[in-house]
$ cat query28.pdb   # PDB, C-alpha atoms
ATOM      1  CA  MET T   1       8.612 -45.743   1.062
ATOM      2  CA  SER T   2       5.062 -44.467   1.569
ATOM      3  CA  SER T   3       2.162 -46.755   0.797
ATOM      4  CA  SER T   4       0.677 -44.226  -1.634
ATOM      5  CA  HIS T   5       3.645 -44.645  -3.978
ATOM      6  CA  SER T   6       4.529 -48.302  -3.563
ATOM      7  CA  TYR T   7       2.589 -51.261  -4.855
ATOM      8  CA  PRO T   8       3.887 -54.268  -2.903
ATOM      9  CA  HIS T   9       0.998 -56.403  -4.161
ATOM     10  CA  GLU T  10       2.133 -55.869  -7.754
ATOM     11  CA  PRO T  11       4.809 -58.304  -8.978
ATOM     12  CA  THR T  12       6.489 -55.579 -11.056
ATOM     13  CA  GLY T  13       6.440 -52.932  -8.324
ATOM     14  CA  VAL T  14       4.392 -50.754 -10.687
ATOM     15  CA  GLU T  15       0.645 -50.396 -10.460
ATOM     16  CA  THR T  16      -0.910 -52.777 -12.998
ATOM     17  CA  ARG T  17      -3.184 -50.107 -14.484
ATOM     18  CA  LYS T  18      -0.257 -47.742 -15.024
ATOM     19  CA  LEU T  19       1.837 -50.523 -16.542
ATOM     20  CA  GLY T  20      -1.100 -51.396 -18.778
ATOM     21  CA  MET T  21      -1.347 -47.782 -19.954
ATOM     22  CA  TRP T  22       2.362 -47.694 -20.801
ATOM     23  CA  VAL T  23       2.073 -50.989 -22.701
ATOM     24  CA  PHE T  24      -0.941 -49.609 -24.588
ATOM     25  CA  LEU T  25       0.961 -46.429 -25.512
ATOM     26  CA  SER T  26       3.906 -48.567 -26.653
ATOM     27  CA  THR T  27       1.662 -50.426 -29.069
ATOM     28  CA  GLU T  28       0.342 -47.103 -30.322
ATOM     29  CA  ILE T  29       3.919 -46.026 -31.039
ATOM     30  CA  LEU T  30       4.248 -49.119 -33.236
ATOM     31  CA  PHE T  31       1.049 -48.238 -35.130
ATOM     32  CA  PHE T  32       2.103 -44.642 -35.698
ATOM     33  CA  GLY T  33       5.651 -45.693 -36.543
ATOM     34  CA  THR T  34       4.340 -47.991 -39.264
ATOM     35  CA  LEU T  35       2.048 -45.304 -40.684
ATOM     36  CA  ILE T  36       4.786 -42.658 -40.612
ATOM     37  CA  THR T  37       7.222 -45.039 -42.334
ATOM     38  CA  THR T  38       4.650 -45.800 -45.037
ATOM     39  CA  PHE T  39       4.014 -42.080 -45.532
ATOM     40  CA  MET T  40       7.746 -41.349 -45.793
ATOM     41  CA  ILE T  41       8.262 -44.115 -48.349
ATOM     42  CA  PHE T  42       5.611 -42.615 -50.617
ATOM     43  CA  LYS T  43       6.453 -38.970 -49.889
ATOM     44  CA  GLY T  44       9.523 -38.913 -52.118
ATOM     45  CA  SER T  45       7.852 -40.706 -55.024
ATOM     46  CA  ASP T  46       6.239 -39.047 -58.027
ATOM     47  CA  PHE T  47       2.563 -39.921 -58.427
ATOM     48  CA  PRO T  48      -0.031 -38.629 -60.865
ATOM     49  CA  GLY T  49      -2.534 -36.113 -59.533
ATOM     50  CA  MET T  50      -2.224 -33.335 -56.992
ATOM     51  CA  LYS T  51       0.522 -33.236 -54.437
ATOM     52  CA  LEU T  52       0.174 -32.255 -50.787
ATOM     53  CA  THR T  53       2.472 -29.281 -51.385
ATOM     54  CA  ASP T  54      -0.090 -27.970 -53.907
ATOM     55  CA  VAL T  55      -2.835 -27.731 -51.301
ATOM     56  CA  TYR T  56      -1.529 -27.459 -47.767
ATOM     57  CA  ASP T  57      -1.626 -24.244 -45.770
ATOM     58  CA  ILE T  58       1.293 -24.153 -43.330
ATOM     59  CA  PRO T  59       0.111 -21.049 -41.393
ATOM     60  CA  PHE T  60      -3.347 -22.572 -40.794
ATOM     61  CA  THR T  61      -1.917 -25.923 -39.718
ATOM     62  CA  SER T  62       0.630 -24.145 -37.511
ATOM     63  CA  ILE T  63      -2.191 -22.376 -35.654
ATOM     64  CA  SER T  64      -4.071 -25.683 -35.264
ATOM     65  CA  SER T  65      -0.866 -27.285 -33.979
ATOM     66  CA  PHE T  66      -0.331 -24.469 -31.490
ATOM     67  CA  ILE T  67      -3.892 -24.940 -30.201
ATOM     68  CA  LEU T  68      -3.312 -28.669 -29.700
ATOM     69  CA  LEU T  69       0.004 -28.045 -27.933
ATOM     70  CA  MET T  70      -1.654 -25.502 -25.617
ATOM     71  CA  SER T  71      -4.049 -28.274 -24.617
ATOM     72  CA  SER T  72      -1.058 -30.065 -23.075
ATOM     73  CA  LEU T  73      -0.543 -27.032 -20.854
ATOM     74  CA  THR T  74      -4.192 -27.019 -19.761
ATOM     75  CA  MET T  75      -3.934 -30.772 -19.092
ATOM     76  CA  VAL T  76      -0.938 -30.160 -16.815
ATOM     77  CA  LEU T  77      -2.895 -27.406 -15.053
ATOM     78  CA  ALA T  78      -5.822 -29.820 -14.532
ATOM     79  CA  HIS T  79      -3.499 -32.434 -13.050
ATOM     80  CA  ASN T  80      -1.822 -29.856 -10.791
ATOM     81  CA  ALA T  81      -5.199 -28.538  -9.643
ATOM     82  CA  LEU T  82      -6.290 -32.067  -8.745
ATOM     83  CA  GLU T  83      -3.067 -32.669  -6.816
ATOM     84  CA  ALA T  84      -3.824 -29.439  -4.914
ATOM     85  CA  ASN T  85      -7.327 -30.820  -4.305
ATOM     86  CA  ASP T  86      -8.963 -27.901  -6.160
ATOM     87  CA  GLN T  87     -11.912 -29.663  -7.759
ATOM     88  CA  GLU T  88     -13.368 -26.589  -9.441
ATOM     89  CA  LYS T  89     -10.127 -25.642 -11.214
ATOM     90  CA  THR T  90      -9.612 -29.285 -12.183
ATOM     91  CA  ARG T  91     -12.979 -29.337 -13.931
ATOM     92  CA  VAL T  92     -12.332 -25.976 -15.609
ATOM     93  CA  TRP T  93      -8.950 -27.103 -16.978
ATOM     94  CA  LEU T  94     -10.352 -30.462 -18.099
ATOM     95  CA  LEU T  95     -13.081 -28.698 -20.046
ATOM     96  CA  ALA T  96     -10.559 -26.239 -21.501
ATOM     97  CA  THR T  97      -8.378 -29.138 -22.647
ATOM     98  CA  ALA T  98     -11.357 -30.876 -24.273
ATOM     99  CA  MET T  99     -12.402 -27.661 -26.025
ATOM    100  CA  LEU T 100      -8.899 -27.046 -27.383
ATOM    101  CA  GLY T 101      -8.849 -30.631 -28.682
ATOM    102  CA  ALA T 102     -12.245 -30.073 -30.317
ATOM    103  CA  VAL T 103     -10.990 -26.869 -31.985
ATOM    104  CA  PHE T 104      -8.013 -28.806 -33.361
ATOM    105  CA  LEU T 105     -10.384 -31.462 -34.733
ATOM    106  CA  ALA T 106     -12.591 -28.799 -36.328
ATOM    107  CA  GLY T 107      -9.470 -27.380 -37.985
ATOM    108  CA  GLN T 108      -8.492 -30.805 -39.283
ATOM    109  CA  ILE T 109     -11.972 -31.380 -40.708
ATOM    110  CA  TYR T 110     -11.849 -27.947 -42.370
ATOM    111  CA  GLU T 111      -8.401 -28.700 -43.787
ATOM    112  CA  PHE T 112      -9.482 -32.091 -45.155
ATOM    113  CA  THR T 113     -12.537 -30.472 -46.749
ATOM    114  CA  GLU T 114     -10.383 -27.812 -48.394
ATOM    115  CA  PHE T 115      -7.971 -30.454 -49.693
ATOM    116  CA  TYR T 116     -10.858 -32.458 -51.104
ATOM    117  CA  HIS T 117     -12.307 -29.427 -52.918
ATOM    118  CA  LYS T 118      -8.904 -28.632 -54.385
ATOM    119  CA  GLY T 119      -8.626 -32.187 -55.758
ATOM    120  CA  PHE T 120      -6.364 -33.832 -53.171
ATOM    121  CA  GLU T 121      -8.662 -36.731 -52.306
ATOM    122  CA  LEU T 122      -8.218 -40.017 -50.474
ATOM    123  CA  THR T 123      -8.137 -41.825 -53.821
ATOM    124  CA  THR T 124      -5.980 -39.321 -55.753
ATOM    125  CA  ASN T 125      -2.927 -41.568 -55.407
ATOM    126  CA  ILE T 126      -1.202 -43.848 -52.894
ATOM    127  CA  PHE T 127       0.543 -40.878 -51.290
ATOM    128  CA  SER T 128      -2.727 -39.040 -50.625
ATOM    129  CA  SER T 129      -4.149 -42.242 -49.164
ATOM    130  CA  SER T 130      -1.175 -42.566 -46.798
ATOM    131  CA  PHE T 131      -1.575 -38.896 -45.789
ATOM    132  CA  TYR T 132      -5.274 -39.226 -44.940
ATOM    133  CA  VAL T 133      -4.815 -42.530 -43.103
ATOM    134  CA  LEU T 134      -1.912 -41.172 -41.035
ATOM    135  CA  THR T 135      -3.453 -37.820 -40.091
ATOM    136  CA  GLY T 136      -6.948 -39.299 -39.794
ATOM    137  CA  PHE T 137      -5.670 -41.981 -37.402
ATOM    138  CA  HIS T 138      -4.204 -39.226 -35.262
ATOM    139  CA  GLY T 139      -7.485 -37.284 -35.484
ATOM    140  CA  LEU T 140      -9.316 -40.370 -34.228
ATOM    141  CA  HIS T 141      -6.982 -40.451 -31.226
ATOM    142  CA  VAL T 142      -7.676 -36.777 -30.510
ATOM    143  CA  PHE T 143     -11.422 -37.478 -30.718
ATOM    144  CA  ILE T 144     -11.098 -40.375 -28.250
ATOM    145  CA  GLY T 145      -9.081 -38.096 -25.958
ATOM    146  CA  VAL T 146     -11.766 -35.405 -26.099
ATOM    147  CA  VAL T 147     -14.408 -38.006 -25.190
ATOM    148  CA  LEU T 148     -12.285 -39.213 -22.241
ATOM    149  CA  LEU T 149     -11.755 -35.650 -21.045
ATOM    150  CA  LEU T 150     -15.461 -34.859 -21.264
ATOM    151  CA  ALA T 151     -16.234 -38.094 -19.407
ATOM    152  CA  LEU T 152     -13.891 -37.064 -16.591
ATOM    153  CA  TRP T 153     -15.389 -33.578 -16.555
ATOM    154  CA  GLY T 154     -18.880 -35.104 -16.416
ATOM    155  CA  ILE T 155     -17.878 -37.399 -13.541
ATOM    156  CA  GLY T 156     -16.497 -34.379 -11.715
ATOM    157  CA  GLN T 157     -19.682 -32.395 -12.352
ATOM    158  CA  ARG T 158     -21.944 -35.195 -11.167
ATOM    159  CA  GLN T 159     -19.949 -36.371  -8.168
ATOM    160  CA  LYS T 160     -18.315 -33.012  -7.460
ATOM    161  CA  TRP T 161     -15.152 -34.997  -6.713
ATOM    162  CA  LEU T 162     -12.314 -36.433  -8.783
ATOM    163  CA  THR T 163      -9.345 -38.367  -7.423
ATOM    164  CA  LEU T 164      -5.984 -39.525  -8.657
ATOM    165  CA  GLU T 165      -6.778 -43.077  -7.561
ATOM    166  CA  GLY T 166      -9.235 -45.642  -8.861
ATOM    167  CA  GLY T 167     -11.154 -46.047 -12.086
ATOM    168  CA  MET T 168     -10.417 -43.982 -15.157
ATOM    169  CA  ASN T 169      -8.350 -41.413 -13.348
ATOM    170  CA  LEU T 170      -6.975 -38.150 -14.619
ATOM    171  CA  GLU T 171      -3.372 -39.337 -14.638
ATOM    172  CA  PHE T 172      -4.072 -42.014 -17.269
ATOM    173  CA  VAL T 173      -6.060 -39.628 -19.452
ATOM    174  CA  ALA T 174      -3.233 -37.084 -19.096
ATOM    175  CA  LEU T 175      -0.669 -39.677 -20.233
ATOM    176  CA  TYR T 176      -2.818 -40.474 -23.260
ATOM    177  CA  TRP T 177      -3.366 -36.797 -24.079
ATOM    178  CA  HIS T 178       0.332 -35.919 -23.865
ATOM    179  CA  PHE T 179       1.121 -38.916 -26.069
ATOM    180  CA  VAL T 180      -1.349 -37.662 -28.702
ATOM    181  CA  ASP T 181       0.233 -34.192 -28.582
ATOM    182  CA  ILE T 182       3.777 -35.566 -28.914
ATOM    183  CA  VAL T 183       2.709 -37.677 -31.887
ATOM    184  CA  TRP T 184       1.289 -34.546 -33.536
ATOM    185  CA  ILE T 185       4.634 -32.740 -33.140
ATOM    186  CA  VAL T 186       6.254 -35.608 -35.043
ATOM    187  CA  LEU T 187       3.485 -35.683 -37.676
ATOM    188  CA  PHE T 188       3.496 -31.930 -38.212
ATOM    189  CA  THR T 189       7.261 -32.003 -38.712
ATOM    190  CA  VAL T 190       7.277 -35.046 -41.004
ATOM    191  CA  VAL T 191       4.149 -34.277 -43.022
ATOM    192  CA  TYR T 192       4.142 -30.492 -43.321
ATOM    193  CA  LEU T 193       7.622 -29.140 -42.620
ATOM    194  CA  ILE T 194      10.116 -31.629 -44.095
TER     195      ILE T 194
END
$ encode --input "query28.pdb" --output "structure tokens"
Amino acid sequence: MSSSHSYPHEPTGVETRKLGMWVFLSTEILFFGTLITTFMIFKGSDFPGMKLTDVYDIPFTSISSFILLMSSLTMVLAHNALEANDQEKTRVWLLATAMLGAVFLAGQIYEFTEFYHKGFELTTNIFSSSFYVLTGFHGLHVFIGVVLLLALWGIGQRQKWLTLEGGMNLEFVALYWHFVDIVWIVLFTVVYLI
């Protein structure tokens, strides 16, 4: 086995940083699982005030979802470019991924603003609270991902060189970003489509 893929100094045989990232993502699954379960419990109940079905715009949210899912493609292209040692394309795809994430966030902010103006507020009822907490928690994760992507892009701009080893590398940010996108597929299905 080549030394670039084996970690004999690690007791688990897996690089500690990679194991740490997987453990972190596992805890995030627990957080999102709890929030989704809470949302589903309240979704079927009848509460006073506006309902989500009175205000949501499936076509708009579908476009926002498509934009976020396309950012997974650009993230894969950034990773592939780095593996091919093409620093310029890596930086371009990282920036594209960050911009797509930012567009998704702008769409979420617009959507929340529209909901608020139509009367579906955080305090309308317990269901609206669970909706905003769930989707807002995901939005926070997208924001953190955008910051990480821009940090990597900035490192690449300043040093003119990114690697797959050491520090906050692209592979870990890619794992996080794909996790955030997969969670959104679940949320979009549970919150808007079911």
$ resolve_selection --input "query28.pdb" --expression "the PyMOL selection byres ((chain T and resi 150) around 10)" --output "list in words"
Arg91, Leu94, Leu95, Ala96, Thr97, Ala98, Met99, Ile144, Gly145, Val146, Val147, Leu148, Leu149, Ala151, Leu152, Trp153, Gly154, Ile155 and Gly156 of chain T
$ residues_around --input "query28.pdb" --residues "T:Phe104" --least-positions-apart "5" --cutoff "12 Å" --atoms "all atoms listed in the file" --output "list of chain:residue names"
T:Phe60, T:Thr61, T:Ser62, T:Ile63, T:Ser64, T:Ser65, T:Phe66, T:Ile67, T:Leu68, T:Leu69, T:Met70, T:Ser71, T:Thr97, T:Ala98, T:Met99, T:Ile109, T:Tyr110, T:Glu111, T:His138, T:Gly139, T:Leu140, T:His141, T:Val142, T:Phe143, T:Gly145, T:Val146, T:Asp181, T:Trp184
$ atom_distance --input "query28.pdb" --atom1 "atom CA of T:His178" --atom2 "atom CA of T:Leu73"
9.4 Å
$ resolve_selection --input "query28.pdb" --expression "the PyMOL selection byres ((chain T and resi 39-41) around 9)" --output "CSV table (one decimal) with C-alpha atoms, in the frame of the given file"
chain,number,residue,atom,x,y,z
T,34,THR,CA,4.3,-48.0,-39.3
T,35,LEU,CA,2.0,-45.3,-40.7
T,36,ILE,CA,4.8,-42.7,-40.6
T,37,THR,CA,7.2,-45.0,-42.3
T,38,THR,CA,4.6,-45.8,-45.0
T,42,PHE,CA,5.6,-42.6,-50.6
T,43,LYS,CA,6.5,-39.0,-49.9
T,44,GLY,CA,9.5,-38.9,-52.1
T,45,SER,CA,7.9,-40.7,-55.0
T,127,PHE,CA,0.5,-40.9,-51.3
T,128,SER,CA,-2.7,-39.0,-50.6
T,129,SER,CA,-4.1,-42.2,-49.2
T,130,SER,CA,-1.2,-42.6,-46.8
T,131,PHE,CA,-1.6,-38.9,-45.8
T,134,LEU,CA,-1.9,-41.2,-41.0
T,190,VAL,CA,7.3,-35.0,-41.0
T,191,VAL,CA,4.1,-34.3,-43.0
$ closest_residue --input "query28.pdb" --among "T:Val183, T:Leu170, T:Leu105, T:Met50" --to "T:Leu25" --atoms "all atoms listed in the file"
T:Val183
$ build_atoms --input "query28.pdb" --residues "stretch 19-30 of chain T" --atoms "all heavy atoms" --output "PDB file, in the coordinates of the input"
ATOM      1  N   LEU T  19       1.042 -49.696 -15.635  1.00  0.00           N
ATOM      2  CA  LEU T  19       1.837 -50.523 -16.542  1.00  0.00           C
ATOM      3  C   LEU T  19       1.044 -50.822 -17.814  1.00  0.00           C
ATOM      4  O   LEU T  19       1.574 -50.750 -18.925  1.00  0.00           O
ATOM      5  CB  LEU T  19       2.254 -51.821 -15.850  1.00  0.00           C
ATOM      6  CG  LEU T  19       3.119 -52.777 -16.665  1.00  0.00           C
ATOM      7  CD1 LEU T  19       4.449 -52.126 -17.048  1.00  0.00           C
ATOM      8  CD2 LEU T  19       3.353 -54.064 -15.897  1.00  0.00           C
ATOM      9  N   GLY T  20      -0.234 -51.135 -17.628  1.00  0.00           N
ATOM     10  CA  GLY T  20      -1.100 -51.396 -18.778  1.00  0.00           C
ATOM     11  C   GLY T  20      -1.197 -50.197 -19.703  1.00  0.00           C
ATOM     12  O   GLY T  20      -1.181 -50.331 -20.931  1.00  0.00           O
ATOM     13  N   MET T  21      -1.279 -48.993 -19.130  1.00  0.00           N
ATOM     14  CA  MET T  21      -1.347 -47.782 -19.954  1.00  0.00           C
ATOM     15  C   MET T  21      -0.064 -47.588 -20.736  1.00  0.00           C
ATOM     16  O   MET T  21      -0.082 -47.256 -21.920  1.00  0.00           O
ATOM     17  CB  MET T  21      -1.633 -46.562 -19.071  1.00  0.00           C
ATOM     18  CG  MET T  21      -1.747 -45.280 -19.860  1.00  0.00           C
ATOM     19  SD  MET T  21      -2.960 -45.400 -21.188  1.00  0.00           S
ATOM     20  CE  MET T  21      -4.021 -44.065 -20.774  1.00  0.00           C
ATOM     21  N   TRP T  22       1.087 -47.834 -20.101  1.00  0.00           N
ATOM     22  CA  TRP T  22       2.362 -47.694 -20.801  1.00  0.00           C
ATOM     23  C   TRP T  22       2.508 -48.738 -21.907  1.00  0.00           C
ATOM     24  O   TRP T  22       3.031 -48.440 -22.988  1.00  0.00           O
ATOM     25  CB  TRP T  22       3.541 -47.787 -19.817  1.00  0.00           C
ATOM     26  CG  TRP T  22       3.732 -46.494 -19.059  1.00  0.00           C
ATOM     27  CD1 TRP T  22       3.478 -46.278 -17.744  1.00  0.00           C
ATOM     28  CD2 TRP T  22       4.183 -45.251 -19.592  1.00  0.00           C
ATOM     29  NE1 TRP T  22       3.744 -44.970 -17.418  1.00  0.00           N
ATOM     30  CE2 TRP T  22       4.190 -44.309 -18.526  1.00  0.00           C
ATOM     31  CE3 TRP T  22       4.583 -44.821 -20.853  1.00  0.00           C
ATOM     32  CZ2 TRP T  22       4.581 -42.982 -18.702  1.00  0.00           C
ATOM     33  CZ3 TRP T  22       4.980 -43.499 -21.011  1.00  0.00           C
ATOM     34  CH2 TRP T  22       4.970 -42.599 -19.953  1.00  0.00           C
ATOM     35  N   VAL T  23       2.036 -49.954 -21.654  1.00  0.00           N
ATOM     36  CA  VAL T  23       2.073 -50.989 -22.701  1.00  0.00           C
ATOM     37  C   VAL T  23       1.171 -50.577 -23.870  1.00  0.00           C
ATOM     38  O   VAL T  23       1.553 -50.696 -25.034  1.00  0.00           O
ATOM     39  CB  VAL T  23       1.667 -52.376 -22.131  1.00  0.00           C
ATOM     40  CG1 VAL T  23       1.440 -53.390 -23.241  1.00  0.00           C
ATOM     41  CG2 VAL T  23       2.718 -52.875 -21.154  1.00  0.00           C
ATOM     42  N   PHE T  24      -0.023 -50.079 -23.541  1.00  0.00           N
ATOM     43  CA  PHE T  24      -0.941 -49.609 -24.588  1.00  0.00           C
ATOM     44  C   PHE T  24      -0.292 -48.505 -25.428  1.00  0.00           C
ATOM     45  O   PHE T  24      -0.330 -48.542 -26.664  1.00  0.00           O
ATOM     46  CB  PHE T  24      -2.246 -49.101 -23.968  1.00  0.00           C
ATOM     47  CG  PHE T  24      -3.107 -48.332 -24.919  1.00  0.00           C
ATOM     48  CD1 PHE T  24      -3.787 -48.982 -25.929  1.00  0.00           C
ATOM     49  CD2 PHE T  24      -3.228 -46.951 -24.806  1.00  0.00           C
ATOM     50  CE1 PHE T  24      -4.566 -48.275 -26.825  1.00  0.00           C
ATOM     51  CE2 PHE T  24      -4.009 -46.235 -25.692  1.00  0.00           C
ATOM     52  CZ  PHE T  24      -4.681 -46.907 -26.703  1.00  0.00           C
ATOM     53  N   LEU T  25       0.318 -47.514 -24.777  1.00  0.00           N
ATOM     54  CA  LEU T  25       0.961 -46.429 -25.512  1.00  0.00           C
ATOM     55  C   LEU T  25       2.132 -46.939 -26.351  1.00  0.00           C
ATOM     56  O   LEU T  25       2.382 -46.430 -27.446  1.00  0.00           O
ATOM     57  CB  LEU T  25       1.420 -45.330 -24.550  1.00  0.00           C
ATOM     58  CG  LEU T  25       0.294 -44.564 -23.835  1.00  0.00           C
ATOM     59  CD1 LEU T  25       0.877 -43.547 -22.867  1.00  0.00           C
ATOM     60  CD2 LEU T  25      -0.656 -43.908 -24.811  1.00  0.00           C
ATOM     61  N   SER T  26       2.814 -47.966 -25.868  1.00  0.00           N
ATOM     62  CA  SER T  26       3.906 -48.567 -26.653  1.00  0.00           C
ATOM     63  C   SER T  26       3.386 -49.184 -27.934  1.00  0.00           C
ATOM     64  O   SER T  26       4.004 -49.060 -28.992  1.00  0.00           O
ATOM     65  CB  SER T  26       4.632 -49.631 -25.825  1.00  0.00           C
ATOM     66  OG  SER T  26       5.204 -49.059 -24.684  1.00  0.00           O
ATOM     67  N   THR T  27       2.237 -49.845 -27.851  1.00  0.00           N
ATOM     68  CA  THR T  27       1.662 -50.426 -29.069  1.00  0.00           C
ATOM     69  C   THR T  27       1.202 -49.332 -30.026  1.00  0.00           C
ATOM     70  O   THR T  27       1.299 -49.489 -31.241  1.00  0.00           O
ATOM     71  CB  THR T  27       0.487 -51.375 -28.753  1.00  0.00           C
ATOM     72  OG1 THR T  27      -0.569 -50.644 -28.124  1.00  0.00           O
ATOM     73  CG2 THR T  27       0.925 -52.529 -27.871  1.00  0.00           C
ATOM     74  N   GLU T  28       0.740 -48.225 -29.474  1.00  0.00           N
ATOM     75  CA  GLU T  28       0.342 -47.103 -30.322  1.00  0.00           C
ATOM     76  C   GLU T  28       1.546 -46.514 -31.052  1.00  0.00           C
ATOM     77  O   GLU T  28       1.433 -46.081 -32.204  1.00  0.00           O
ATOM     78  CB  GLU T  28      -0.348 -46.015 -29.483  1.00  0.00           C
ATOM     79  CG  GLU T  28      -1.702 -46.431 -28.955  1.00  0.00           C
ATOM     80  CD  GLU T  28      -2.695 -46.650 -30.071  1.00  0.00           C
ATOM     81  OE1 GLU T  28      -3.128 -45.665 -30.685  1.00  0.00           O
ATOM     82  OE2 GLU T  28      -3.029 -47.819 -30.334  1.00  0.00           O
ATOM     83  N   ILE T  29       2.692 -46.496 -30.387  1.00  0.00           N
ATOM     84  CA  ILE T  29       3.919 -46.026 -31.039  1.00  0.00           C
ATOM     85  C   ILE T  29       4.234 -46.905 -32.244  1.00  0.00           C
ATOM     86  O   ILE T  29       4.627 -46.420 -33.307  1.00  0.00           O
ATOM     87  CB  ILE T  29       5.100 -46.014 -30.037  1.00  0.00           C
ATOM     88  CG1 ILE T  29       4.891 -44.901 -29.012  1.00  0.00           C
ATOM     89  CG2 ILE T  29       6.432 -45.843 -30.755  1.00  0.00           C
ATOM     90  CD1 ILE T  29       5.861 -44.940 -27.847  1.00  0.00           C
ATOM     91  N   LEU T  30       4.014 -48.211 -32.109  1.00  0.00           N
ATOM     92  CA  LEU T  30       4.248 -49.119 -33.236  1.00  0.00           C
ATOM     93  C   LEU T  30       3.302 -48.812 -34.390  1.00  0.00           C
ATOM     94  O   LEU T  30       3.712 -48.787 -35.555  1.00  0.00           O
ATOM     95  CB  LEU T  30       4.096 -50.569 -32.787  1.00  0.00           C
ATOM     96  CG  LEU T  30       5.125 -51.082 -31.781  1.00  0.00           C
ATOM     97  CD1 LEU T  30       4.779 -52.501 -31.332  1.00  0.00           C
ATOM     98  CD2 LEU T  30       6.526 -51.025 -32.367  1.00  0.00           C
TER      99      LEU T  30
END
